[in-house]
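run-v4.pdb follows; it contains PDB, C-alpha atoms, pLDDT in the B column.
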```pdb
ATOM      1  CA  MET A1088      -3.569  -2.531  -6.965  1.00 78.00           C
ATOM      2  CA  THR A1089      -5.930   0.261  -7.897  1.00 86.00           C
ATOM      3  CA  THR A1090      -8.852  -1.793  -9.216  1.00 92.00           C
ATOM      4  CA  LEU A1091      -9.774  -5.460  -9.450  1.00 95.00           C
ATOM      5  CA  GLU A1092     -12.082  -6.711 -12.187  1.00 95.00           C
ATOM      6  CA  HIS A1093     -13.611 -10.151 -12.608  1.00 95.00           C
ATOM      7  CA  THR A1094     -14.492 -10.878 -16.216  1.00 93.00           C
ATOM      8  CA  THR A1095     -16.197 -13.777 -17.966  1.00 93.00           C
ATOM      9  CA  ASP A1096     -17.183 -14.476 -21.549  1.00 90.00           C
ATOM     10  CA  ALA A1097     -20.836 -13.694 -20.778  1.00 91.00           C
ATOM     11  CA  PRO A1098     -21.945 -11.014 -23.254  1.00 92.00           C
ATOM     12  CA  THR A1099     -24.570  -9.404 -20.995  1.00 94.00           C
ATOM     13  CA  HIS A1100     -26.048  -9.660 -17.509  1.00 92.00           C
ATOM     14  CA  LEU A1101     -29.268 -10.767 -19.189  1.00 95.00           C
ATOM     15  CA  SER A1102     -27.511 -13.785 -20.673  1.00 89.00           C
ATOM     16  CA  LYS A1103     -26.331 -14.733 -17.179  1.00 88.00           C
ATOM     17  CA  TYR A1104     -29.894 -14.410 -15.895  1.00 90.00           C
ATOM     18  CA  ILE A1105     -31.212 -16.583 -18.682  1.00 89.00           C
ATOM     19  CA  SER A1106     -28.493 -19.217 -18.342  1.00 87.00           C
ATOM     20  CA  ASN A1107     -29.476 -19.651 -14.693  1.00 87.00           C
ATOM     21  CA  ASP A1108     -32.772 -21.152 -15.769  1.00 88.00           C
ATOM     22  CA  PHE A1109     -34.351 -17.728 -16.092  1.00 90.00           C
ATOM     23  CA  GLY A1110     -33.374 -16.346 -12.702  1.00 89.00           C
ATOM     24  CA  GLN A1111     -33.425 -19.484 -10.525  1.00 90.00           C
ATOM     25  CA  VAL A1112     -30.805 -18.718  -7.888  1.00 89.00           C
ATOM     26  CA  GLU A1113     -30.563 -22.321  -6.698  1.00 90.00           C
ATOM     27  CA  SER A1114     -30.128 -23.851 -10.156  1.00 85.00           C
ATOM     28  CA  GLU A1115     -26.913 -25.675 -11.107  1.00 82.00           C
ATOM     29  CA  PRO A1116     -25.380 -24.491 -14.386  1.00 78.00           C
ATOM     30  CA  ASN A1117     -24.765 -27.161 -17.009  1.00 79.00           C
ATOM     31  CA  THR A1118     -21.322 -25.687 -17.626  1.00 81.00           C
ATOM     32  CA  VAL A1119     -19.376 -23.580 -15.154  1.00 83.00           C
ATOM     33  CA  ARG A1120     -18.767 -20.130 -16.605  1.00 86.00           C
ATOM     34  CA  GLN A1121     -15.077 -19.458 -17.102  1.00 90.00           C
ATOM     35  CA  GLY A1122     -13.805 -16.252 -15.562  1.00 92.00           C
ATOM     36  CA  THR A1123     -10.723 -14.595 -14.204  1.00 94.00           C
ATOM     37  CA  THR A1124      -9.868 -11.685 -11.954  1.00 96.00           C
ATOM     38  CA  VAL A1125      -7.649  -9.012 -13.437  1.00 97.00           C
ATOM     39  CA  ALA A1126      -5.781  -6.470 -11.323  1.00 97.00           C
ATOM     40  CA  ILE A1127      -5.099  -2.982 -12.666  1.00 97.00           C
ATOM     41  CA  VAL A1128      -1.999  -1.448 -11.090  1.00 97.00           C
ATOM     42  CA  ALA A1129      -0.162   1.875 -11.305  1.00 97.00           C
ATOM     43  CA  VAL A1130       3.624   1.824 -11.654  1.00 97.00           C
ATOM     44  CA  LEU A1131       5.480   3.333  -8.683  1.00 96.00           C
ATOM     45  CA  SER A1132       9.120   2.799  -9.557  1.00 95.00           C
ATOM     46  CA  ASN A1133      11.725   0.500 -11.042  1.00 95.00           C
ATOM     47  CA  ASP A1134      14.873  -0.424  -9.141  1.00 93.00           C
ATOM     48  CA  LYS A1135      17.041   0.179 -12.251  1.00 94.00           C
ATOM     49  CA  ASP A1136      15.134   3.204 -13.579  1.00 94.00           C
ATOM     50  CA  ILE A1137      13.624   1.333 -16.513  1.00 96.00           C
ATOM     51  CA  TYR A1138      10.147   2.503 -17.445  1.00 95.00           C
ATOM     52  CA  MET A1139       9.513   0.533 -20.605  1.00 96.00           C
ATOM     53  CA  PRO A1140       6.028  -1.036 -20.698  1.00 97.00           C
ATOM     54  CA  ILE A1141       6.242  -4.456 -19.083  1.00 96.00           C
ATOM     55  CA  ALA A1142       5.994  -7.284 -21.590  1.00 96.00           C
ATOM     56  CA  CYS A1143       3.111  -9.722 -21.552  1.00 96.00           C
ATOM     57  CA  ASP A1144       3.338 -12.815 -19.355  1.00 96.00           C
ATOM     58  CA  ARG A1145       6.001 -11.433 -17.008  1.00 97.00           C
ATOM     59  CA  PRO A1146       5.558 -12.862 -13.489  1.00 97.00           C
ATOM     60  CA  VAL A1147       4.053 -10.766 -10.691  1.00 97.00           C
ATOM     61  CA  ARG A1148       4.624 -11.289  -6.962  1.00 97.00           C
ATOM     62  CA  PHE A1149       3.715  -9.522  -3.747  1.00 97.00           C
ATOM     63  CA  ALA A1150       6.518  -7.107  -2.875  1.00 96.00           C
ATOM     64  CA  ASP A1151       8.461  -7.985   0.267  1.00 95.00           C
ATOM     65  CA  GLU A1152       9.444  -5.467   2.975  1.00 95.00           C
ATOM     66  CA  GLU A1153      12.643  -4.473   1.182  1.00 95.00           C
ATOM     67  CA  GLY A1154      10.739  -4.108  -2.087  1.00 95.00           C
ATOM     68  CA  ILE A1155       8.109  -1.874  -0.468  1.00 96.00           C
ATOM     69  CA  HIS A1156      10.889   0.382   0.800  1.00 95.00           C
ATOM     70  CA  VAL A1157      12.435   0.566  -2.685  1.00 95.00           C
ATOM     71  CA  ALA A1158       9.000   1.246  -4.209  1.00 94.00           C
ATOM     72  CA  LEU A1159       8.399   4.164  -1.852  1.00 93.00           C
ATOM     73  CA  GLY A1160      11.943   5.544  -1.962  1.00 93.00           C
ATOM     74  CA  VAL A1161      12.600   4.749   1.698  1.00 94.00           C
ATOM     75  CA  ASP A1162      15.910   3.115   0.763  1.00 93.00           C
ATOM     76  CA  LYS A1163      17.180   6.512  -0.410  1.00 92.00           C
ATOM     77  CA  ILE A1164      16.587   8.165   2.997  1.00 93.00           C
ATOM     78  CA  PRO A1165      19.675   8.102   5.252  1.00 91.00           C
ATOM     79  CA  GLU A1166      18.859   5.873   8.236  1.00 89.00           C
ATOM     80  CA  ARG A1167      19.440   8.578  10.829  1.00 87.00           C
ATOM     81  CA  TYR A1168      16.830  10.780   9.102  1.00 88.00           C
ATOM     82  CA  ARG A1169      14.108   8.115   8.860  1.00 93.00           C
ATOM     83  CA  VAL A1170      10.978   9.116  10.826  1.00 94.00           C
ATOM     84  CA  PRO A1171       8.665   6.123  11.419  1.00 95.00           C
ATOM     85  CA  ALA A1172       5.334   7.324  10.036  1.00 95.00           C
ATOM     86  CA  GLY A1173       3.124   4.257   9.771  1.00 93.00           C
ATOM     87  CA  LEU A1174       2.781   0.598   8.911  1.00 94.00           C
ATOM     88  CA  ILE A1175       1.733  -1.026   5.633  1.00 94.00           C
ATOM     89  CA  ARG A1176       0.051  -4.407   6.056  1.00 94.00           C
ATOM     90  CA  MET A1177      -0.716  -6.302   2.858  1.00 95.00           C
ATOM     91  CA  SER A1178      -3.137  -9.099   2.018  1.00 95.00           C
ATOM     92  CA  ASN A1179      -0.465 -11.803   2.234  1.00 94.00           C
ATOM     93  CA  GLY A1180       0.588 -10.683   5.736  1.00 94.00           C
ATOM     94  CA  THR A1181       3.699  -8.775   4.657  1.00 95.00           C
ATOM     95  CA  GLN A1182       4.305  -5.752   6.858  1.00 95.00           C
ATOM     96  CA  ALA A1183       6.603  -2.796   6.332  1.00 95.00           C
ATOM     97  CA  VAL A1184       7.239   0.306   8.387  1.00 95.00           C
ATOM     98  CA  VAL A1185       6.867   3.466   6.314  1.00 95.00           C
ATOM     99  CA  TYR A1186       9.304   6.294   6.946  1.00 95.00           C
ATOM    100  CA  LEU A1187       9.356  10.015   6.177  1.00 94.00           C
ATOM    101  CA  ASP A1188      12.567  11.944   5.568  1.00 92.00           C
ATOM    102  CA  LEU A1189      13.341  14.213   8.514  1.00 89.00           C
ATOM    103  CA  CYS A1190      14.827  16.756   6.084  1.00 88.00           C
ATOM    104  CA  TYR A1191      11.456  17.025   4.344  1.00 89.00           C
ATOM    105  CA  VAL A1192       9.405  17.089   7.559  1.00 88.00           C
ATOM    106  CA  LEU A1193      11.463  19.660   9.472  1.00 85.00           C
ATOM    107  CA  GLY A1194      13.408  21.262   6.627  1.00 80.00           C
ATOM    108  CA  PRO A1195      15.456  22.481   4.946  1.00 84.00           C
ATOM    109  CA  GLU A1196      13.836  20.602   2.030  1.00 85.00           C
ATOM    110  CA  GLY A1197      10.139  20.891   2.756  1.00 81.00           C
ATOM    111  CA  ALA A1198       8.946  21.269   6.348  1.00 83.00           C
ATOM    112  CA  HIS A1199       5.395  20.225   5.558  1.00 86.00           C
ATOM    113  CA  VAL A1200       3.077  17.250   6.137  1.00 90.00           C
ATOM    114  CA  ASN A1201      -0.543  16.903   4.999  1.00 92.00           C
ATOM    115  CA  ILE A1202      -2.868  14.679   7.048  1.00 92.00           C
ATOM    116  CA  THR A1203      -6.273  14.086   5.467  1.00 92.00           C
ATOM    117  CA  GLY A1204      -9.289  11.986   6.386  1.00 89.00           C
ATOM    118  CA  ILE A1205     -12.901  11.940   7.541  1.00 87.00           C
ATOM    119  CA  SER A1206     -13.899  14.481  10.200  1.00 84.00           C
ATOM    120  CA  GLY A1207     -14.851  13.471  13.711  1.00 78.00           C
ATOM    121  CA  LEU A1208     -13.043  10.166  14.141  1.00 78.00           C
ATOM    122  CA  ALA A1209     -10.205  11.514  16.302  1.00 73.00           C
ATOM    123  CA  THR A1210      -7.792   9.928  13.856  1.00 85.00           C
ATOM    124  CA  LYS A1211      -6.066  12.868  12.158  1.00 89.00           C
ATOM    125  CA  THR A1212      -5.347  14.547  15.505  1.00 86.00           C
ATOM    126  CA  SER A1213      -4.184  11.277  17.033  1.00 87.00           C
ATOM    127  CA  TYR A1214      -1.907  10.723  14.045  1.00 91.00           C
ATOM    128  CA  ALA A1215      -0.501  14.237  14.398  1.00 91.00           C
ATOM    129  CA  MET A1216       0.307  13.493  18.056  1.00 89.00           C
ATOM    130  CA  PHE A1217       1.954  10.203  17.064  1.00 92.00           C
ATOM    131  CA  LEU A1218       3.987  11.890  14.318  1.00 94.00           C
ATOM    132  CA  ILE A1219       5.200  14.627  16.678  1.00 93.00           C
ATOM    133  CA  GLN A1220       6.359  11.967  19.115  1.00 92.00           C
ATOM    134  CA  SER A1221       8.030  10.036  16.304  1.00 94.00           C
ATOM    135  CA  ILE A1222       9.761  13.191  15.033  1.00 92.00           C
ATOM    136  CA  LEU A1223      11.051  14.037  18.508  1.00 91.00           C
ATOM    137  CA  GLN A1224      12.466  10.536  19.017  1.00 90.00           C
ATOM    138  CA  THR A1225      14.094  10.569  15.565  1.00 89.00           C
ATOM    139  CA  ALA A1226      15.518  14.059  16.124  1.00 86.00           C
ATOM    140  CA  GLU A1227      17.110  12.829  19.330  1.00 86.00           C
ATOM    141  CA  ARG A1228      18.834  10.000  17.460  1.00 83.00           C
ATOM    142  CA  ALA A1229      19.944  12.426  14.750  1.00 78.00           C
ATOM    143  CA  GLY A1230      21.424  14.808  17.327  1.00 81.00           C
ATOM    144  CA  MET A1231      18.861  17.507  16.484  1.00 80.00           C
ATOM    145  CA  ARG A1232      16.700  17.316  19.593  1.00 80.00           C
ATOM    146  CA  ASN A1233      17.870  20.674  20.946  1.00 84.00           C
ATOM    147  CA  LYS A1234      17.286  22.420  17.636  1.00 84.00           C
ATOM    148  CA  ILE A1235      13.539  21.878  17.385  1.00 85.00           C
ATOM    149  CA  GLY A1236      10.466  22.792  19.411  1.00 88.00           C
ATOM    150  CA  VAL A1237       6.779  21.946  19.055  1.00 88.00           C
ATOM    151  CA  ILE A1238       4.085  24.620  18.816  1.00 88.00           C
ATOM    152  CA  ILE A1239       0.493  23.369  18.606  1.00 85.00           C
ATOM    153  CA  LEU A1240      -2.317  25.719  17.608  1.00 84.00           C
ATOM    154  CA  ASN A1241      -5.258  24.145  19.404  1.00 81.00           C
ATOM    155  CA  VAL A1242      -8.600  24.074  17.585  1.00 78.00           C
ATOM    156  CA  LYS A1243     -10.002  21.219  19.700  1.00 72.00           C
ATOM    157  CA  HIS A1244     -11.435  23.174  22.626  1.00 78.00           C
ATOM    158  CA  GLY A1245     -10.086  21.733  25.881  1.00 77.00           C
ATOM    159  CA  ASP A1246      -9.269  18.236  24.640  1.00 73.00           C
ATOM    160  CA  LEU A1247      -5.638  18.799  23.758  1.00 76.00           C
ATOM    161  CA  LEU A1248      -5.004  20.829  26.899  1.00 79.00           C
ATOM    162  CA  SER A1249      -5.264  17.624  28.920  1.00 79.00           C
ATOM    163  CA  ILE A1250      -3.516  15.289  26.505  1.00 76.00           C
ATOM    164  CA  ASP A1251      -0.872  14.568  29.142  1.00 79.00           C
ATOM    165  CA  GLN A1252      -3.498  13.533  31.721  1.00 82.00           C
ATOM    166  CA  PRO A1253      -4.721   9.936  32.155  1.00 81.00           C
ATOM    167  CA  PRO A1254      -8.369   9.541  31.070  1.00 78.00           C
ATOM    168  CA  LYS A1255     -11.063   9.796  33.721  1.00 80.00           C
ATOM    169  CA  GLY A1256     -12.014   6.313  34.853  1.00 81.00           C
ATOM    170  CA  GLY A1257      -8.876   4.803  33.314  1.00 81.00           C
ATOM    171  CA  LEU A1258      -8.508   2.892  30.076  1.00 82.00           C
ATOM    172  CA  GLU A1259     -10.740   0.015  29.015  1.00 84.00           C
ATOM    173  CA  PRO A1260      -9.144  -3.481  29.302  1.00 86.00           C
ATOM    174  CA  GLU A1261      -9.165  -3.747  25.505  1.00 85.00           C
ATOM    175  CA  GLN A1262      -7.176  -0.535  25.216  1.00 80.00           C
ATOM    176  CA  HIS A1263      -4.679  -1.750  27.803  1.00 81.00           C
ATOM    177  CA  GLU A1264      -4.215  -4.875  25.732  1.00 82.00           C
ATOM    178  CA  MET A1265      -3.882  -2.881  22.526  1.00 75.00           C
ATOM    179  CA  TRP A1266      -1.339  -0.355  23.847  1.00 69.00           C
TER     180      TRP A1266
ATOM    181  CA  MET B 743      14.798 -14.184  -3.008  1.00 48.00           C
ATOM    182  CA  ASN B 744      12.099 -14.172  -5.695  1.00 55.00           C
ATOM    183  CA  GLU B 745      11.882 -17.932  -5.683  1.00 55.00           C
ATOM    184  CA  GLU B 746      10.698 -17.830  -2.069  1.00 79.00           C
ATOM    185  CA  ARG B 747       7.680 -15.759  -2.997  1.00 91.00           C
ATOM    186  CA  PRO B 748       5.040 -17.391  -5.172  1.00 95.00           C
ATOM    187  CA  ILE B 749       3.981 -15.918  -8.486  1.00 97.00           C
ATOM    188  CA  ILE B 750       0.453 -14.559  -8.011  1.00 97.00           C
ATOM    189  CA  GLY B 751      -0.254 -13.821 -11.676  1.00 97.00           C
ATOM    190  CA  LEU B 752       1.142 -12.875 -15.075  1.00 97.00           C
ATOM    191  CA  VAL B 753       1.132  -9.520 -16.820  1.00 97.00           C
ATOM    192  CA  SER B 754      -1.564  -9.281 -19.469  1.00 96.00           C
ATOM    193  CA  ALA B 755      -1.394  -6.919 -22.455  1.00 96.00           C
ATOM    194  CA  THR B 756      -4.155  -6.905 -25.049  1.00 95.00           C
ATOM    195  CA  SER B 757      -4.928  -4.933 -28.198  1.00 95.00           C
ATOM    196  CA  VAL B 758      -7.339  -2.674 -26.323  1.00 95.00           C
ATOM    197  CA  GLU B 759      -5.559  -2.607 -22.946  1.00 94.00           C
ATOM    198  CA  PRO B 760      -1.795  -2.455 -23.531  1.00 96.00           C
ATOM    199  CA  THR B 761       0.766  -2.100 -20.769  1.00 96.00           C
ATOM    200  CA  THR B 762       2.230   1.406 -20.541  1.00 97.00           C
ATOM    201  CA  SER B 763       5.003   3.223 -18.701  1.00 96.00           C
ATOM    202  CA  ASP B 764       2.448   4.150 -16.039  1.00 96.00           C
ATOM    203  CA  SER B 765       0.313   1.070 -15.564  1.00 96.00           C
ATOM    204  CA  PHE B 766      -0.309  -2.541 -16.447  1.00 97.00           C
ATOM    205  CA  ASN B 767      -2.816  -5.316 -15.839  1.00 97.00           C
ATOM    206  CA  PHE B 768      -2.228  -8.850 -14.679  1.00 97.00           C
ATOM    207  CA  TRP B 769      -4.509 -11.807 -14.258  1.00 97.00           C
ATOM    208  CA  LEU B 770      -4.596 -13.540 -10.880  1.00 96.00           C
ATOM    209  CA  ALA B 771      -3.897 -17.207 -10.327  1.00 95.00           C
ATOM    210  CA  PRO B 772      -6.913 -19.106  -8.934  1.00 93.00           C
ATOM    211  CA  GLY B 773      -7.229 -18.799  -5.147  1.00 93.00           C
ATOM    212  CA  VAL B 774      -5.019 -15.709  -4.821  1.00 95.00           C
ATOM    213  CA  ILE B 775      -6.492 -12.942  -2.666  1.00 95.00           C
ATOM    214  CA  VAL B 776      -5.323  -9.368  -3.154  1.00 95.00           C
ATOM    215  CA  ASN B 777      -6.773  -6.028  -2.166  1.00 94.00           C
ATOM    216  CA  PRO B 778      -6.520  -2.443  -3.366  1.00 93.00           C
ATOM    217  CA  PHE B 779      -3.320  -0.756  -2.112  1.00 92.00           C
ATOM    218  CA  ASP B 780      -1.313  -3.981  -2.029  1.00 95.00           C
ATOM    219  CA  ILE B 781       2.120  -3.340  -3.565  1.00 96.00           C
ATOM    220  CA  VAL B 782       3.316  -5.858  -6.137  1.00 97.00           C
ATOM    221  CA  GLU B 783       6.485  -6.290  -8.128  1.00 97.00           C
ATOM    222  CA  ALA B 784       6.727  -7.440 -11.721  1.00 97.00           C
ATOM    223  CA  GLU B 785       9.766  -8.779 -13.494  1.00 96.00           C
ATOM    224  CA  GLN B 786      11.095  -6.258 -16.001  1.00 96.00           C
ATOM    225  CA  ILE B 787      13.910  -6.210 -18.522  1.00 95.00           C
ATOM    226  CA  ALA B 788      17.223  -4.509 -17.738  1.00 95.00           C
ATOM    227  CA  HIS B 789      20.547  -3.832 -19.443  1.00 95.00           C
ATOM    228  CA  ASP B 790      22.003  -6.654 -17.367  1.00 92.00           C
ATOM    229  CA  GLY B 791      19.604  -9.404 -16.376  1.00 92.00           C
ATOM    230  CA  THR B 792      16.259  -8.314 -14.983  1.00 95.00           C
ATOM    231  CA  SER B 793      14.913  -5.486 -12.877  1.00 96.00           C
ATOM    232  CA  ARG B 794      11.927  -5.061 -10.593  1.00 97.00           C
ATOM    233  CA  THR B 795       9.002  -2.758 -11.335  1.00 97.00           C
ATOM    234  CA  PHE B 796       6.905  -1.952  -8.294  1.00 97.00           C
ATOM    235  CA  ALA B 797       3.251  -1.064  -8.676  1.00 97.00           C
ATOM    236  CA  LEU B 798       0.293  -0.098  -6.493  1.00 94.00           C
TER     237      LEU B 798
END
```
Here is the file; what I need is its structure written in the form of structure tokens.
Amino acid sequence: MTTLEHTTDAPTHLSKYISNDFGQVESEPNTVRQGTTVAIVAVLSNDKDIYMPIACDRPVRFADEEGIHVALGVDKIPERYRVPAGLIRMSNGTQAVVYLDLCYVLGPEGAHVNITGISGLATKTSYAMFLIQSILQTAERAGMRNKIGVIILNVKHGDLLSIDQPPKGGLEPEQHEMW
Amino acid sequence: MNEERPIIGLVSATSVEPTTSDSFNFWLAPGVIVNPFDIVEAEQIAHDGTSRTFAL
């Protein structure tokens, strides 16, 4: 889903204003305006490599976990090279772990990851720490643990120098519950 | 497997907004709640039976 639009047969906003007894917000309409919500979606992939335009009236469903993996190409990553990188949670409650390909994170294929977001929320750095941990655990399973090392160029003043220390005053009860 | 998951809408192609290789529209059944970044699958033709097109 990239955009959701709700449309009716009302020609203008002014006609809606007028049909509500000239702007009376509490008024009951004589006839309920018919409308529908339309979702605009961008094609990711097809499981049989068919990219013909989809015909009208074909049914649409939420993808399940296996479908999400096919859509994102996770099914093509050998299991031993799958680095857990996050979790997708959809509106209907479906959840799917998202994986990166170790060969593209460490090489020889790519050796690059971009992490973007708003500054100052301690989210990008936290995610980088999580991803390093996830890479190390995956590398161990793949028998590559002794072939990689981690070098961090610290631009966070002293914060990252004490990342292995428990926080002063301990964690809040909510954080204990969360983690 | 598909039968276990309800149909949330049907693909809609009009004279001014056709479906394309890259994107399509579908109308939502009443009461269905979706959000941007949900991943959906639509039934598509195939050489043998049907295939699944995934979309974001």
Which chain A residues have any atom within 8 Å of an atom of chain B, and for each, what is the nearest pair of atoms with distance in Å to one decimal, counting only C-alpha atoms, rows sorted by chain and number, as JSON lines?
```
{"residue": "A:Met1088", "atom": "CA", "partner": "B:Leu798", "partner_atom": "CA", "distance": 4.6}
{"residue": "A:Thr1089", "atom": "CA", "partner": "B:Pro778", "partner_atom": "CA", "distance": 5.3}
{"residue": "A:Thr1090", "atom": "CA", "partner": "B:Pro778", "partner_atom": "CA", "distance": 6.3}
{"residue": "A:Leu1091", "atom": "CA", "partner": "B:Pro778", "partner_atom": "CA", "distance": 7.5}
{"residue": "A:Thr1123", "atom": "CA", "partner": "B:Trp769", "partner_atom": "CA", "distance": 6.8}
{"residue": "A:Thr1124", "atom": "CA", "partner": "B:Leu770", "partner_atom": "CA", "distance": 5.7}
{"residue": "A:Val1125", "atom": "CA", "partner": "B:Trp769", "partner_atom": "CA", "distance": 4.3}
{"residue": "A:Ala1126", "atom": "CA", "partner": "B:Phe768", "partner_atom": "CA", "distance": 5.4}
{"residue": "A:Ile1127", "atom": "CA", "partner": "B:Asn767", "partner_atom": "CA", "distance": 4.6}
{"residue": "A:Val1128", "atom": "CA", "partner": "B:Leu798", "partner_atom": "CA", "distance": 5.3}
{"residue": "A:Ala1129", "atom": "CA", "partner": "B:Ser765", "partner_atom": "CA", "distance": 4.4}
{"residue": "A:Val1130", "atom": "CA", "partner": "B:Ala797", "partner_atom": "CA", "distance": 4.2}
{"residue": "A:Leu1131", "atom": "CA", "partner": "B:Ala797", "partner_atom": "CA", "distance": 4.9}
{"residue": "A:Ser1132", "atom": "CA", "partner": "B:Phe796", "partner_atom": "CA", "distance": 5.4}
{"residue": "A:Asn1133", "atom": "CA", "partner": "B:Thr795", "partner_atom": "CA", "distance": 4.3}
{"residue": "A:Asp1134", "atom": "CA", "partner": "B:Arg794", "partner_atom": "CA", "distance": 5.7}
{"residue": "A:Lys1135", "atom": "CA", "partner": "B:Ser793", "partner_atom": "CA", "distance": 6.1}
{"residue": "A:Ile1137", "atom": "CA", "partner": "B:Ala788", "partner_atom": "CA", "distance": 7.0}
{"residue": "A:Tyr1138", "atom": "CA", "partner": "B:Ser763", "partner_atom": "CA", "distance": 5.3}
{"residue": "A:Met1139", "atom": "CA", "partner": "B:Ser763", "partner_atom": "CA", "distance": 5.6}
{"residue": "A:Pro1140", "atom": "CA", "partner": "B:Thr762", "partner_atom": "CA", "distance": 4.5}
{"residue": "A:Ile1141", "atom": "CA", "partner": "B:Gln786", "partner_atom": "CA", "distance": 6.0}
{"residue": "A:Ala1142", "atom": "CA", "partner": "B:Val753", "partner_atom": "CA", "distance": 7.2}
{"residue": "A:Cys1143", "atom": "CA", "partner": "B:Val753", "partner_atom": "CA", "distance": 5.1}
{"residue": "A:Asp1144", "atom": "CA", "partner": "B:Val753", "partner_atom": "CA", "distance": 4.7}
{"residue": "A:Arg1145", "atom": "CA", "partner": "B:Val753", "partner_atom": "CA", "distance": 5.2}
{"residue": "A:Pro1146", "atom": "CA", "partner": "B:Leu752", "partner_atom": "CA", "distance": 4.7}
{"residue": "A:Val1147", "atom": "CA", "partner": "B:Ala784", "partner_atom": "CA", "distance": 4.4}
{"residue": "A:Arg1148", "atom": "CA", "partner": "B:Ile749", "partner_atom": "CA", "distance": 4.9}
{"residue": "A:Phe1149", "atom": "CA", "partner": "B:Val782", "partner_atom": "CA", "distance": 4.4}
{"residue": "A:Ala1150", "atom": "CA", "partner": "B:Val782", "partner_atom": "CA", "distance": 4.7}
{"residue": "A:Gly1154", "atom": "CA", "partner": "B:Phe796", "partner_atom": "CA", "distance": 7.6}
{"residue": "A:Ile1155", "atom": "CA", "partner": "B:Ile781", "partner_atom": "CA", "distance": 6.9}
{"residue": "A:Ala1158", "atom": "CA", "partner": "B:Phe796", "partner_atom": "CA", "distance": 5.6}
{"residue": "A:Met1177", "atom": "CA", "partner": "B:Asp780", "partner_atom": "CA", "distance": 5.4}
{"residue": "A:Ser1178", "atom": "CA", "partner": "B:Val776", "partner_atom": "CA", "distance": 5.6}
{"residue": "A:Asn1179", "atom": "CA", "partner": "B:Val776", "partner_atom": "CA", "distance": 7.7}
```
Filtering to C-alpha atoms, could you give me those residues as a CSV table (one decimal), in the frame of the given file?
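Resulting contents of out_35.csv:
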```csv
chain,number,residue,atom,x,y,z
A,1088,MET,CA,-3.6,-2.5,-7.0
A,1089,THR,CA,-5.9,0.3,-7.9
A,1090,THR,CA,-8.9,-1.8,-9.2
A,1091,LEU,CA,-9.8,-5.5,-9.4
A,1123,THR,CA,-10.7,-14.6,-14.2
A,1124,THR,CA,-9.9,-11.7,-12.0
A,1125,VAL,CA,-7.6,-9.0,-13.4
A,1126,ALA,CA,-5.8,-6.5,-11.3
A,1127,ILE,CA,-5.1,-3.0,-12.7
A,1128,VAL,CA,-2.0,-1.4,-11.1
A,1129,ALA,CA,-0.2,1.9,-11.3
A,1130,VAL,CA,3.6,1.8,-11.7
A,1131,LEU,CA,5.5,3.3,-8.7
A,1132,SER,CA,9.1,2.8,-9.6
A,1133,ASN,CA,11.7,0.5,-11.0
A,1134,ASP,CA,14.9,-0.4,-9.1
A,1135,LYS,CA,17.0,0.2,-12.3
A,1137,ILE,CA,13.6,1.3,-16.5
A,1138,TYR,CA,10.1,2.5,-17.4
A,1139,MET,CA,9.5,0.5,-20.6
A,1140,PRO,CA,6.0,-1.0,-20.7
A,1141,ILE,CA,6.2,-4.5,-19.1
A,1142,ALA,CA,6.0,-7.3,-21.6
A,1143,CYS,CA,3.1,-9.7,-21.6
A,1144,ASP,CA,3.3,-12.8,-19.4
A,1145,ARG,CA,6.0,-11.4,-17.0
A,1146,PRO,CA,5.6,-12.9,-13.5
A,1147,VAL,CA,4.1,-10.8,-10.7
A,1148,ARG,CA,4.6,-11.3,-7.0
A,1149,PHE,CA,3.7,-9.5,-3.7
A,1150,ALA,CA,6.5,-7.1,-2.9
A,1154,GLY,CA,10.7,-4.1,-2.1
A,1155,ILE,CA,8.1,-1.9,-0.5
A,1158,ALA,CA,9.0,1.2,-4.2
A,1177,MET,CA,-0.7,-6.3,2.9
A,1178,SER,CA,-3.1,-9.1,2.0
A,1179,ASN,CA,-0.5,-11.8,2.2
```
Fill in: For region 1233-1249 of chain A: contacts at 9 Å, all atoms listed in the file, fewer than 5 positions along chain excluded, given as a PyMOL selection string
chain A and resi 1193+1219+1223+1226-1227+1254
Fill in: CA of Val1161 (chain A) to CA of Val1184 (chain A), straight-line distance in Å
9.7 Å
Practice prompt. Work out how far apart CA of Ile1164 (chain A) and CA of Met1231 (chain A) are and give it in Å to one decimal.
Written response: 16.6 Å
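Interatomic distance, CA of Lys1255 (chain A) to CA of Ser1221 (chain A): 25.8 Å.
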